[in-house]
>>> print(open('upload_22.tsv').read())   # TSV, C-alpha atoms and all ligand atoms
chain	number	residue	atom	x	y	z
A	1	MET	CA	-23.68	-75.06	51.07
A	2	LYS	CA	-22.83	-76.54	47.67
A	3	PRO	CA	-23.96	-74.55	44.62
A	4	PHE	CA	-27.19	-75.81	43.04
A	5	ALA	CA	-29.50	-74.95	40.15
A	6	TYR	CA	-33.15	-73.94	40.61
A	7	GLN	CA	-35.90	-74.81	38.17
A	8	ARG	CA	-39.56	-73.86	38.17
A	9	ALA	CA	-41.17	-76.81	36.39
A	10	LYS	CA	-43.90	-75.90	33.88
A	11	ASP	CA	-46.13	-78.86	34.69
A	12	VAL	CA	-46.32	-82.01	36.83
A	13	GLU	CA	-45.22	-84.29	33.98
A	14	SER	CA	-41.98	-82.41	33.31
A	15	ALA	CA	-41.20	-82.10	37.04
A	16	VAL	CA	-41.63	-85.86	37.48
A	17	ALA	CA	-39.66	-86.68	34.31
A	18	THR	CA	-36.75	-84.46	35.38
A	19	VAL	CA	-36.40	-85.77	38.94
A	20	ALA	CA	-36.99	-89.40	37.85
A	21	VAL	CA	-33.91	-89.50	35.63
A	22	ARG	CA	-31.59	-87.22	37.58
A	23	PRO	CA	-30.43	-88.73	40.91
A	24	GLU	CA	-28.92	-85.38	41.88
A	25	ALA	CA	-32.31	-83.58	41.57
A	26	SER	CA	-34.93	-83.04	44.30
A	27	PHE	CA	-38.42	-81.59	44.46
A	28	LEU	CA	-38.64	-78.38	46.45
A	29	GLY	CA	-41.70	-77.66	48.61
A	30	GLY	CA	-41.41	-74.93	51.24
A	31	GLY	CA	-37.72	-75.81	51.65
A	32	THR	CA	-37.91	-75.66	55.46
A	33	ASN	CA	-36.34	-79.10	55.83
A	34	LEU	CA	-34.53	-79.63	52.54
A	35	VAL	CA	-32.69	-76.30	52.52
A	36	ASP	CA	-31.71	-76.72	56.19
A	37	LEU	CA	-30.12	-80.06	55.35
A	38	MET	CA	-28.40	-78.56	52.31
A	39	LYS	CA	-26.86	-75.84	54.46
A	40	MET	CA	-25.40	-78.56	56.70
A	41	GLU	CA	-24.31	-80.52	53.59
A	42	VAL	CA	-26.27	-83.54	54.78
A	43	LEU	CA	-28.03	-83.41	51.41
A	44	LYS	CA	-26.31	-82.07	48.30
A	45	PRO	CA	-28.80	-81.93	45.42
A	46	GLU	CA	-27.47	-80.16	42.34
A	47	LEU	CA	-30.92	-79.26	41.04
A	48	LEU	CA	-34.05	-78.17	42.93
A	49	VAL	CA	-37.29	-78.52	41.00
A	50	ASP	CA	-39.85	-76.20	42.60
A	51	VAL	CA	-43.28	-77.85	42.70
A	52	ARG	CA	-45.26	-75.51	44.94
A	53	HIS	CA	-47.09	-73.87	42.05
A	54	LEU	CA	-47.85	-77.26	40.42
A	55	VAL	CA	-49.78	-78.97	43.19
A	56	SER	CA	-53.13	-77.74	44.46
A	57	ARG	CA	-53.47	-75.48	47.50
A	58	THR	CA	-57.15	-76.15	48.03
A	59	ILE	CA	-59.41	-78.66	49.76
A	60	GLU	CA	-62.10	-80.35	47.67
A	61	PRO	CA	-64.86	-82.82	48.61
A	62	ALA	CA	-63.75	-86.42	47.95
A	63	HIS	CA	-65.74	-89.55	47.04
A	64	GLY	CA	-67.54	-91.06	50.02
A	65	GLY	CA	-67.78	-87.78	51.92
A	66	GLY	CA	-64.11	-87.27	52.69
A	67	LEU	CA	-61.81	-84.39	51.76
A	68	LEU	CA	-59.04	-84.13	49.17
A	69	ILE	CA	-56.24	-81.87	50.39
A	70	GLY	CA	-53.83	-80.35	47.86
A	71	ALA	CA	-50.23	-81.23	48.69
A	72	GLY	CA	-49.20	-77.61	48.12
A	73	MET	CA	-51.30	-76.27	51.02
A	74	SER	CA	-49.26	-74.74	53.77
A	75	ASN	CA	-49.41	-76.31	57.23
A	76	ASN	CA	-51.14	-73.18	58.59
A	77	GLU	CA	-53.72	-73.09	55.77
A	78	LEU	CA	-54.67	-76.70	56.45
A	79	ALA	CA	-54.80	-76.24	60.23
A	80	ALA	CA	-57.04	-73.18	59.91
A	81	ASP	CA	-59.57	-74.68	57.51
A	82	ARG	CA	-63.01	-74.82	59.15
A	83	ARG	CA	-63.80	-78.30	57.77
A	84	ILE	CA	-60.58	-79.69	59.22
A	85	ARG	CA	-61.11	-78.02	62.58
A	86	ARG	CA	-64.70	-79.29	62.83
A	87	ARG	CA	-64.42	-82.77	61.30
A	88	TYR	CA	-60.80	-83.71	62.09
A	89	PRO	CA	-59.68	-81.58	65.08
A	90	MET	CA	-56.73	-83.89	65.85
A	91	LEU	CA	-55.21	-82.95	62.48
A	92	SER	CA	-55.53	-79.22	63.06
A	93	GLN	CA	-54.07	-79.59	66.58
A	94	ALA	CA	-51.18	-81.75	65.33
A	95	LEU	CA	-50.27	-79.16	62.69
A	96	LEU	CA	-50.42	-76.28	65.15
A	97	SER	CA	-48.17	-78.13	67.60
A	98	GLY	CA	-45.37	-78.22	65.01
A	99	ALA	CA	-42.55	-75.76	64.32
A	100	SER	CA	-43.40	-72.03	64.47
A	101	TYR	CA	-46.03	-69.82	62.83
A	102	GLN	CA	-43.52	-68.60	60.23
A	103	LEU	CA	-42.30	-72.10	59.38
A	104	ARG	CA	-45.86	-73.41	59.09
A	105	ASN	CA	-46.62	-70.66	56.57
A	106	LEU	CA	-43.90	-72.03	54.30
A	107	ALA	CA	-44.06	-75.76	55.02
A	108	THR	CA	-46.27	-77.73	52.62
A	109	VAL	CA	-48.38	-80.79	53.28
A	110	GLY	CA	-46.36	-82.87	50.78
A	111	GLY	CA	-43.03	-81.83	52.29
A	112	ASN	CA	-44.22	-82.44	55.85
A	113	PHE	CA	-44.66	-86.18	55.19
A	114	LEU	CA	-41.15	-86.39	53.76
A	115	GLN	CA	-39.18	-84.35	56.29
A	116	ARG	CA	-36.11	-86.28	57.47
A	117	THR	CA	-35.36	-87.48	60.98
A	118	ARG	CA	-34.07	-84.99	63.56
A	119	CYS	CA	-31.55	-87.57	64.85
A	120	PRO	CA	-28.58	-85.28	65.66
A	121	TYR	CA	-26.08	-87.77	64.22
A	122	PHE	CA	-27.90	-87.80	60.88
A	123	ARG	CA	-27.56	-84.02	60.83
A	124	ASP	CA	-23.84	-84.05	61.73
A	125	VAL	CA	-21.76	-85.08	58.71
A	126	THR	CA	-18.74	-85.87	60.91
A	127	MET	CA	-20.59	-88.78	62.59
A	128	PRO	CA	-21.27	-92.30	61.28
A	129	CYS	CA	-24.89	-92.73	60.21
A	130	ASN	CA	-26.40	-95.58	58.19
A	131	LYS	CA	-29.28	-93.39	57.07
A	132	ARG	CA	-27.02	-90.70	55.62
A	133	GLU	CA	-24.19	-92.99	54.47
A	134	PRO	CA	-25.19	-96.66	54.32
A	135	GLY	CA	-22.73	-99.03	55.98
A	136	THR	CA	-20.98	-96.44	58.16
A	137	GLY	CA	-22.69	-97.46	61.41
A	138	CYS	CA	-25.05	-95.78	63.85
A	139	ALA	CA	-23.60	-93.21	66.24
A	140	ALA	CA	-26.91	-92.82	68.06
A	141	ARG	CA	-27.01	-96.28	69.63
A	142	ASP	CA	-24.07	-95.42	71.88
A	143	GLY	CA	-24.81	-91.70	71.95
A	144	VAL	CA	-27.61	-89.51	73.25
A	145	GLN	CA	-30.64	-91.80	73.18
A	146	ARG	CA	-33.37	-89.52	74.51
A	147	ASP	CA	-35.14	-88.97	71.19
A	148	LEU	CA	-34.69	-92.44	69.71
A	149	ALA	CA	-37.32	-95.02	68.79
A	150	VAL	CA	-38.74	-97.65	71.11
A	151	LEU	CA	-40.93	-99.41	68.53
A	152	GLY	CA	-40.10	-100.86	65.11
A	153	ALA	CA	-36.39	-99.99	65.26
A	154	ASP	CA	-33.53	-102.04	63.84
A	155	ALA	CA	-29.88	-102.41	64.83
A	156	SER	CA	-29.00	-100.38	61.74
A	157	CYS	CA	-31.10	-97.32	62.73
A	158	VAL	CA	-33.12	-96.27	65.77
A	159	ALA	CA	-34.24	-92.85	64.54
A	160	THR	CA	-37.77	-91.48	64.90
A	161	HIS	CA	-39.95	-89.78	62.32
A	162	PRO	CA	-40.48	-86.18	63.42
A	163	SER	CA	-43.78	-85.19	61.78
A	164	ASP	CA	-46.76	-84.33	63.98
A	165	MET	CA	-49.13	-83.99	61.03
A	166	ALA	CA	-48.34	-87.52	59.80
A	167	VAL	CA	-49.37	-89.00	63.17
A	168	ALA	CA	-52.89	-87.57	62.83
A	169	MET	CA	-52.97	-88.60	59.15
A	170	ALA	CA	-52.08	-92.18	60.16
A	171	ALA	CA	-54.86	-92.27	62.75
A	172	LEU	CA	-57.30	-90.95	60.13
A	173	ASP	CA	-56.33	-93.58	57.49
A	174	ALA	CA	-55.31	-90.82	55.07
A	175	VAL	CA	-54.25	-91.83	51.56
A	176	LEU	CA	-51.62	-90.10	49.42
A	177	HIS	CA	-52.25	-89.42	45.73
A	178	THR	CA	-49.06	-89.43	43.70
A	179	VAL	CA	-47.81	-89.07	40.14
A	180	GLY	CA	-44.60	-90.90	39.32
A	181	PRO	CA	-42.66	-92.07	36.27
A	182	SER	CA	-45.02	-95.08	36.06
A	183	GLY	CA	-48.18	-92.98	36.38
A	184	GLU	CA	-50.64	-92.20	39.14
A	185	ARG	CA	-51.18	-94.27	42.27
A	186	THR	CA	-52.52	-94.04	45.81
A	187	ILE	CA	-50.58	-94.99	48.95
A	188	PRO	CA	-52.14	-95.27	52.41
A	189	VAL	CA	-50.09	-93.19	54.87
A	190	ASN	CA	-49.84	-96.30	57.02
A	191	GLU	CA	-47.93	-97.97	54.15
A	192	LEU	CA	-45.76	-95.00	53.18
A	193	TYR	CA	-42.79	-95.45	55.52
A	194	ARG	CA	-40.29	-98.30	55.17
A	195	SER	CA	-38.94	-100.25	58.11
A	196	PRO	CA	-35.28	-99.44	58.88
A	197	ALA	CA	-34.62	-103.18	58.55
A	198	GLU	CA	-35.25	-102.75	54.80
A	199	GLY	CA	-32.39	-100.22	54.61
A	200	PRO	CA	-32.57	-96.99	56.63
A	201	GLN	CA	-31.22	-94.81	53.81
A	202	ARG	CA	-34.63	-94.85	52.10
A	203	ASP	CA	-37.44	-93.56	54.32
A	204	THR	CA	-40.48	-94.25	52.14
A	205	VAL	CA	-41.84	-96.45	49.37
A	206	LEU	CA	-41.97	-93.47	46.98
A	207	GLU	CA	-40.01	-94.01	43.76
A	208	ARG	CA	-37.45	-91.50	42.53
A	209	GLY	CA	-39.40	-88.70	40.89
A	210	GLU	CA	-42.74	-89.62	42.48
A	211	LEU	CA	-44.62	-86.44	43.38
A	212	ILE	CA	-47.26	-86.23	46.12
A	213	THR	CA	-50.14	-84.26	44.61
A	214	ALA	CA	-52.85	-84.62	47.26
A	215	VAL	CA	-53.89	-86.38	50.46
A	216	GLU	CA	-57.33	-87.88	50.87
A	217	LEU	CA	-59.02	-87.95	54.25
A	218	PRO	CA	-61.79	-90.55	54.28
A	219	ALA	CA	-65.05	-89.60	55.97
A	220	ALA	CA	-64.77	-90.59	59.64
A	221	PRO	CA	-67.52	-89.28	61.92
A	222	VAL	CA	-65.57	-90.54	64.96
A	223	ALA	CA	-62.79	-88.08	64.09
A	224	ALA	CA	-65.01	-85.13	65.05
A	225	HIS	CA	-64.37	-86.24	68.62
A	226	SER	CA	-60.60	-86.37	68.51
A	227	ARG	CA	-57.48	-84.72	69.93
A	228	TYR	CA	-53.73	-84.56	69.49
A	229	ARG	CA	-51.41	-84.27	72.48
A	230	LYS	CA	-47.67	-83.71	72.20
A	231	VAL	CA	-45.28	-84.22	75.12
A	232	ARG	CA	-41.96	-82.44	74.65
A	233	ASP	CA	-39.07	-80.88	76.51
A	234	ARG	CA	-40.27	-77.31	75.79
A	235	ALA	CA	-43.84	-76.09	75.50
A	236	SER	CA	-43.32	-74.86	71.93
A	237	TYR	CA	-40.88	-75.08	69.05
A	238	ALA	CA	-39.74	-78.59	69.97
A	239	PHE	CA	-40.25	-82.05	68.52
A	240	ALA	CA	-42.30	-84.72	70.29
A	241	LEU	CA	-40.80	-87.07	72.85
A	242	VAL	CA	-44.14	-88.83	72.59
A	243	SER	CA	-47.35	-87.73	70.94
A	244	VAL	CA	-50.79	-89.29	70.70
A	245	ALA	CA	-53.56	-88.75	68.16
A	246	ALA	CA	-56.82	-90.25	69.41
A	247	ALA	CA	-60.49	-90.34	68.42
A	248	LEU	CA	-63.07	-92.13	70.51
A	249	GLU	CA	-66.74	-93.02	70.42
A	250	VAL	CA	-68.36	-94.40	73.58
A	251	ARG	CA	-71.94	-95.68	73.74
A	252	HIS	CA	-73.61	-96.96	76.88
A	253	GLY	CA	-70.25	-97.06	78.63
A	254	SER	CA	-68.49	-99.16	75.98
A	255	VAL	CA	-66.00	-98.20	73.28
A	256	THR	CA	-67.66	-98.50	69.87
A	257	GLN	CA	-64.96	-96.84	67.72
A	258	VAL	CA	-61.41	-95.71	68.35
A	259	ARG	CA	-58.47	-94.37	66.37
A	260	LEU	CA	-55.05	-94.22	67.98
A	261	ALA	CA	-51.60	-93.34	66.64
A	262	LEU	CA	-48.32	-92.44	68.33
A	263	GLY	CA	-45.54	-90.07	67.35
A	264	GLY	CA	-41.95	-89.78	68.56
A	265	VAL	CA	-41.65	-93.50	69.22
A	266	ALA	CA	-40.81	-95.08	65.85
A	267	HIS	CA	-39.43	-94.54	62.35
A	268	LYS	CA	-43.01	-93.81	61.28
A	269	PRO	CA	-46.24	-92.58	62.78
A	270	TRP	CA	-47.19	-95.65	64.80
A	271	ARG	CA	-50.78	-96.76	64.32
A	272	ALA	CA	-51.70	-98.50	67.56
A	273	THR	CA	-53.83	-101.28	66.10
A	274	THR	CA	-53.20	-103.69	68.98
A	275	ALA	CA	-54.56	-101.13	71.44
A	276	GLU	CA	-57.50	-100.33	69.14
A	277	ARG	CA	-58.47	-104.01	68.99
A	278	ALA	CA	-58.18	-104.29	72.77
A	279	LEU	CA	-60.50	-101.31	73.27
A	280	VAL	CA	-63.42	-101.88	70.88
A	281	GLY	CA	-66.43	-103.52	72.52
A	282	ARG	CA	-64.99	-103.19	76.02
A	283	PRO	CA	-65.98	-100.83	78.86
A	284	ALA	CA	-64.51	-97.33	78.57
A	285	THR	CA	-62.66	-97.44	81.88
A	286	GLU	CA	-59.24	-96.26	82.94
A	287	ALA	CA	-58.22	-99.87	83.66
A	288	GLY	CA	-59.25	-100.86	80.13
A	289	PHE	CA	-57.34	-97.94	78.59
A	290	ARG	CA	-54.23	-98.88	80.58
A	291	ALA	CA	-54.45	-102.55	79.57
A	292	ALA	CA	-54.82	-101.55	75.89
A	293	ALA	CA	-51.86	-99.17	76.05
A	294	GLU	CA	-49.74	-101.84	77.71
A	295	ALA	CA	-50.71	-104.38	75.05
A	296	GLU	CA	-49.54	-101.96	72.34
A	297	LEU	CA	-46.30	-101.16	74.12
A	298	ALA	CA	-45.44	-104.79	74.89
A	299	ALA	CA	-43.48	-104.72	71.63
A	300	ALA	CA	-41.33	-101.77	72.79
A	301	ARG	CA	-37.57	-102.38	72.91
A	302	PRO	CA	-36.17	-99.24	74.55
A	303	LEU	CA	-32.53	-98.37	75.08
A	304	ALA	CA	-31.24	-97.19	78.46
A	305	GLY	CA	-31.58	-93.51	77.51
A	306	ASN	CA	-35.13	-93.60	76.17
A	307	ALA	CA	-36.83	-96.19	78.41
A	308	PHE	CA	-38.89	-93.34	79.92
A	309	LYS	CA	-40.82	-93.16	76.64
A	310	VAL	CA	-42.65	-96.41	77.37
A	311	PRO	CA	-44.46	-95.26	80.56
A	312	LEU	CA	-44.77	-91.78	79.03
A	313	ALA	CA	-46.57	-93.19	75.99
A	314	ARG	CA	-48.77	-95.42	78.18
A	315	ASN	CA	-49.76	-92.54	80.46
A	316	THR	CA	-50.41	-90.17	77.57
A	317	ILE	CA	-52.67	-92.71	75.84
A	318	VAL	CA	-54.61	-93.30	79.07
A	319	SER	CA	-55.07	-89.61	79.83
A	320	MET	CA	-56.14	-88.84	76.26
A	321	LEU	CA	-58.75	-91.61	76.23
A	322	ARG	CA	-59.98	-90.59	79.68
A	323	ASP	CA	-60.35	-86.97	78.56
A	324	LEU	CA	-62.16	-87.99	75.39
A	325	THR	CA	-64.52	-90.21	77.43
A	326	GLU	CA	-65.30	-87.40	79.85
A	327	GLY	CA	-65.95	-85.08	76.91
A	328	ALA	CA	-68.21	-87.64	75.17
B	1	LIG	C1	-36.87	-75.18	63.54
B	1	LIG	C2	-37.84	-76.17	63.02
B	1	LIG	C3	-38.76	-76.75	63.90
B	1	LIG	C4	-39.68	-77.69	63.43
B	1	LIG	N1	-40.57	-78.28	64.30
B	1	LIG	C5	-41.44	-79.21	63.85
B	1	LIG	C6	-42.34	-79.88	64.73
B	1	LIG	O1	-42.38	-79.60	65.92
B	1	LIG	N2	-43.18	-80.82	64.20
B	1	LIG	C7	-43.17	-81.14	62.87
B	1	LIG	O2	-43.94	-81.99	62.45
B	1	LIG	N3	-42.31	-80.54	62.03
B	1	LIG	C8	-41.46	-79.61	62.49
B	1	LIG	N4	-40.58	-79.01	61.62
B	1	LIG	C9	-40.46	-79.55	60.27
B	1	LIG	C10	-41.39	-78.91	59.28
B	1	LIG	O3	-42.71	-79.31	59.56
B	1	LIG	C11	-40.93	-79.44	57.92
B	1	LIG	O4	-39.67	-78.87	57.64
B	1	LIG	C12	-41.91	-79.11	56.82
B	1	LIG	O5	-43.18	-79.67	57.07
B	1	LIG	C13	-41.39	-79.63	55.49
B	1	LIG	O6	-42.22	-79.13	54.47
B	1	LIG	P1	-41.58	-78.31	53.25
B	1	LIG	O7	-42.69	-78.02	52.31
B	1	LIG	O8	-40.80	-77.14	53.73
B	1	LIG	O9	-40.64	-79.43	52.66
B	1	LIG	P2	-39.23	-79.28	51.90
B	1	LIG	O10	-38.18	-78.94	52.89
B	1	LIG	O11	-39.38	-78.44	50.69
B	1	LIG	O12	-39.06	-80.79	51.41
B	1	LIG	C14	-38.92	-81.88	52.29
B	1	LIG	C15	-38.79	-83.14	51.44
B	1	LIG	O13	-40.01	-83.40	50.76
B	1	LIG	C16	-39.79	-83.46	49.35
B	1	LIG	N5	-41.01	-82.90	48.77
B	1	LIG	C17	-41.55	-81.68	49.02
B	1	LIG	N6	-42.76	-81.59	48.42
B	1	LIG	C18	-42.98	-82.76	47.78
B	1	LIG	C19	-44.07	-83.31	47.02
B	1	LIG	N7	-45.18	-82.60	46.77
B	1	LIG	N8	-43.96	-84.57	46.52
B	1	LIG	C20	-42.84	-85.32	46.77
B	1	LIG	N9	-41.78	-84.85	47.47
B	1	LIG	C21	-41.87	-83.60	47.99
B	1	LIG	C22	-38.53	-82.68	49.10
B	1	LIG	O14	-37.86	-83.14	47.93
B	1	LIG	C23	-37.73	-83.02	50.35
B	1	LIG	O15	-37.13	-84.29	50.20
B	1	LIG	C24	-39.67	-78.05	62.06
B	1	LIG	C25	-38.77	-77.44	61.18
B	1	LIG	C26	-37.87	-76.53	61.64
B	1	LIG	C27	-36.90	-75.91	60.68
B	2	LIG	S1	-30.33	-93.62	64.51
B	2	LIG	FE1	-30.43	-93.72	62.27
B	2	LIG	S2	-30.31	-91.57	61.69
B	2	LIG	FE2	-29.48	-91.69	63.78
B	2	LIG	S3	-27.29	-92.07	63.60
B	2	LIG	FE3	-28.26	-94.05	63.72
B	2	LIG	S4	-28.51	-94.61	61.56
B	2	LIG	FE4	-28.23	-92.41	61.61
>>> encode(input="upload_22.tsv", output="structure tokens")
Amino acid sequence: MKPFAYQRAKDVESAVATVAVRPEASFLGGGTNLVDLMKMEVLKPELLVDVRHLVSRTIEPAHGGGLLIGAGMSNNELAADRRIRRRYPMLSQALLSGASYQLRNLATVGGNFLQRTRCPYFRDVTMPCNKREPGTGCAARDGVQRDLAVLGADASCVATHPSDMAVAMAALDAVLHTVGPSGERTIPVNELYRSPAEGPQRDTVLERGELITAVELPAAPVAAHSRYRKVRDRASYAFALVSVAAALEVRHGSVTQVRLALGGVAHKPWRATTAERALVGRPATEAGFRAAAEAELAAARPLAGNAFKVPLARNTIVSMLRDLTEGA
């Protein structure tokens, strides 16, 4: 690991001002991703600006009946909160499916959104990787393809986004609150992640020095009837091959509201809007769920080594919606 300096910023403004003008500086949350990557010399910041004490660790009521979650909350604190478990169970389940108890105690909500891909070639500095070193190529395309994306990928990068929490946040239409060098703004989670076609080296639309301070969950009564399911190679302590966050409301046998997002299949949490449109107003039947899943996955462009993800995603969507219908 390269030597680095550590700074405990005194307030949000000075943290933002420091990181905005120093390309070699990074914010530090729980450090569970950043410090890992520093040890491997994938990332080599010279200055870490600790922001954990600057951003809130509480949940407050938001306008319109939603909740405002402080970006400094740990993943375990958020998962355990009674309001989250009752009103947004998919979010609590997604958080608890990630990492380990100890890691979730350290990992922050802000850092979770910005964790980097687990593509093994990104994490191996001896391999070509356009995300780590633009223009060097992509070792994954001709390498081990099991974990790669099937949706939204580009020839330059086929990596997936690893966060479970972000998948539930995408399904719930969560909105980030940030403070950057140009002031405060809000960014819907569904607009946070950039397409690899825009340049895989930059994962998100955040500007240099832009700090996530909170995440707003809009009120969504349908979310009380929701679940998160993660399919992976090991039952715990493994990233998703495919995951599904789903919420469903069925009245008189027809779908009246649905939220659906997929993880492990794209460079971002994949909001399945095509499937949602195909479901609303139609009978809540297994055939309908299958047709909707297939409509969403028609855009999939798998490689030889990850083609299994397409039927896996379809079957997981169908079984989730069936289970939610039976529980309705
Ligand atoms: C062994 C292992 C297994 C794991 N398994 C899973 C899993 O199954 N599912 C899953 O979803 N995750 C998993 N994780 C990843 C874990 O969830 C992330 O490492 C964690 O959420 C990152 O949060 P952090 O606070 O530690 O971020 P850090 O490592 O501190 O930071 C990550 C990035 O976010 C930036 N950052 C941090 N806070 C802010 C902020 N407030 N505003 C702007 N930028 C900020 C940092 O500069 C850095 O670029 C695993 C991690 C490990 C080590
Ligand atoms: S898939 Fe993306 S992250 Fe992985 S090696 Fe290729 S360019 Fe790098």
>>> residues_near_ligand(input="upload_22.tsv", ligand="ligand LIG 2 (chain B)", cutoff="6 Å", atoms="all atoms listed in the file", output="mmCIF file with C-alpha atoms, in the coordinates of the input")
data_model
loop_
_atom_site.group_PDB
_atom_site.id
_atom_site.type_symbol
_atom_site.label_atom_id
_atom_site.label_comp_id
_atom_site.auth_asym_id
_atom_site.auth_seq_id
_atom_site.Cartn_x
_atom_site.Cartn_y
_atom_site.Cartn_z
ATOM 1 C CA CYS A 119 -31.550 -87.570 64.850
ATOM 2 C CA TYR A 121 -26.080 -87.770 64.220
ATOM 3 C CA PHE A 122 -27.900 -87.800 60.880
ATOM 4 C CA CYS A 129 -24.890 -92.730 60.210
ATOM 5 C CA ASN A 130 -26.400 -95.580 58.190
ATOM 6 C CA LYS A 131 -29.280 -93.390 57.070
ATOM 7 C CA CYS A 138 -25.050 -95.780 63.850
ATOM 8 C CA ALA A 139 -23.600 -93.210 66.240
ATOM 9 C CA ALA A 140 -26.910 -92.820 68.060
ATOM 10 C CA SER A 156 -29.000 -100.380 61.740
ATOM 11 C CA CYS A 157 -31.100 -97.320 62.730
ATOM 12 C CA VAL A 158 -33.120 -96.270 65.770
ATOM 13 C CA ALA A 159 -34.240 -92.850 64.540
#
>>> closest_atom_pairs(input="upload_22.tsv", of="chain A", to="ligand LIG 1 (chain B)", cutoff="7 Å", atoms="only C-alpha atoms and all ligand atoms", output="tab-separated table")
residue	atom	partner	partner_atom	distance
A:Ser26	CA	B:LIG1	O14	4.7
A:Phe27	CA	B:LIG1	O14	3.8
A:Leu28	CA	B:LIG1	O11	4.3
A:Gly29	CA	B:LIG1	O11	3.2
A:Gly30	CA	B:LIG1	O8	3.4
A:Gly31	CA	B:LIG1	O11	3.3
A:Thr32	CA	B:LIG1	O8	3.7
A:Asn33	CA	B:LIG1	O10	3.5
A:Leu34	CA	B:LIG1	O10	3.7
A:Val35	CA	B:LIG1	O10	6.1
A:Asp36	CA	B:LIG1	C27	6.9
A:Val51	CA	B:LIG1	N7	6.5
A:Val55	CA	B:LIG1	N7	6.9
A:Ala71	CA	B:LIG1	N7	5.6
A:Gly72	CA	B:LIG1	N7	6.5
A:Leu95	CA	B:LIG1	O2	6.9
A:Ser97	CA	B:LIG1	O1	6.2
A:Gly98	CA	B:LIG1	O1	3.4
A:Ala99	CA	B:LIG1	N1	3.2
A:Ser100	CA	B:LIG1	C3	6.6
A:Leu103	CA	B:LIG1	C25	6.6
A:Arg104	CA	B:LIG1	O3	6.7
A:Leu106	CA	B:LIG1	O8	6.0
A:Ala107	CA	B:LIG1	O8	3.8
A:Thr108	CA	B:LIG1	O7	3.6
A:Val109	CA	B:LIG1	O7	6.4
A:Gly110	CA	B:LIG1	N7	4.2
A:Gly111	CA	B:LIG1	O9	3.4
A:Asn112	CA	B:LIG1	O5	3.2
A:Phe113	CA	B:LIG1	O5	6.9
A:Leu114	CA	B:LIG1	O13	4.4
A:Gln115	CA	B:LIG1	C14	4.7
A:Pro162	CA	B:LIG1	O2	5.5
A:Ser163	CA	B:LIG1	O2	3.3
A:Asp164	CA	B:LIG1	O2	4.0
A:Met165	CA	B:LIG1	O2	5.7
A:Glu210	CA	B:LIG1	C20	6.1
A:Leu211	CA	B:LIG1	N8	3.7
A:Ile212	CA	B:LIG1	N8	3.7
A:Thr213	CA	B:LIG1	N7	5.7
A:Tyr237	CA	B:LIG1	O1	5.7
A:Ala238	CA	B:LIG1	O1	4.9
A:Phe239	CA	B:LIG1	O1	4.2
A:Ala240	CA	B:LIG1	O1	6.7
>>> write_last_selection(input="upload_22.tsv", atoms="C-alpha atoms", output="compact mmCIF listing (two decimals), in the frame of the given file")
# COMPACT_ATOMS: atom_id res chain seq x y z
CA SER A 26 -34.93 -83.04 44.30
CA PHE A 27 -38.42 -81.59 44.46
CA LEU A 28 -38.64 -78.38 46.45
CA GLY A 29 -41.70 -77.66 48.61
CA GLY A 30 -41.41 -74.93 51.24
CA GLY A 31 -37.72 -75.81 51.65
CA THR A 32 -37.91 -75.66 55.46
CA ASN A 33 -36.34 -79.10 55.83
CA LEU A 34 -34.53 -79.63 52.54
CA VAL A 35 -32.69 -76.30 52.52
CA ASP A 36 -31.71 -76.72 56.19
CA VAL A 51 -43.28 -77.85 42.70
CA VAL A 55 -49.78 -78.97 43.19
CA ALA A 71 -50.23 -81.23 48.69
CA GLY A 72 -49.20 -77.61 48.12
CA LEU A 95 -50.27 -79.16 62.69
CA SER A 97 -48.17 -78.13 67.60
CA GLY A 98 -45.37 -78.22 65.01
CA ALA A 99 -42.55 -75.76 64.32
CA SER A 100 -43.40 -72.03 64.47
CA LEU A 103 -42.30 -72.10 59.38
CA ARG A 104 -45.86 -73.41 59.09
CA LEU A 106 -43.90 -72.03 54.30
CA ALA A 107 -44.06 -75.76 55.02
CA THR A 108 -46.27 -77.73 52.62
CA VAL A 109 -48.38 -80.79 53.28
CA GLY A 110 -46.36 -82.87 50.78
CA GLY A 111 -43.03 -81.83 52.29
CA ASN A 112 -44.22 -82.44 55.85
CA PHE A 113 -44.66 -86.18 55.19
CA LEU A 114 -41.15 -86.39 53.76
CA GLN A 115 -39.18 -84.35 56.29
CA PRO A 162 -40.48 -86.18 63.42
CA SER A 163 -43.78 -85.19 61.78
CA ASP A 164 -46.76 -84.33 63.98
CA MET A 165 -49.13 -83.99 61.03
CA GLU A 210 -42.74 -89.62 42.48
CA LEU A 211 -44.62 -86.44 43.38
CA ILE A 212 -47.26 -86.23 46.12
CA THR A 213 -50.14 -84.26 44.61
CA TYR A 237 -40.88 -75.08 69.05
CA ALA A 238 -39.74 -78.59 69.97
CA PHE A 239 -40.25 -82.05 68.52
CA ALA A 240 -42.30 -84.72 70.29
>>> atom_distance(input="upload_22.tsv", atom1="CA of Val258 (chain A)", atom2="CA of Ala298 (chain A)")
19.5 Å
>>> residues_around(input="upload_22.tsv", residues="Gly288 (chain A)", least_positions_apart="2", cutoff="10 Å", atoms="only C-alpha atoms", output="list in words")
Val255, Ala275, Ala278, Leu279, Arg282, Pro283, Ala284, Thr285, Glu286, Arg290, Ala291, Ala292, Ala293, Glu294 and Val318 of chain A
>>> closest_residue(input="upload_22.tsv", among="A:Asn76, A:Glu198, A:Leu312, A:Leu262", to="Pro134 (chain A)", atoms="all atoms listed in the file")
A:Glu198
>>> closest_residue(input="upload_22.tsv", among="A:Val189, A:Ile69, A:Glu296, A:Arg141", to="Ser56 (chain A)", atoms="all atoms listed in the file")
A:Ile69
>>> residues_near_point(input="upload_22.tsv", point="(-35.9, -93.8, 49.3)", cutoff="12 Å", atoms="all atoms listed in the file", output="PyMOL selection string")
chain A and resi 23+26+114+116+131-132+192-196+198-210
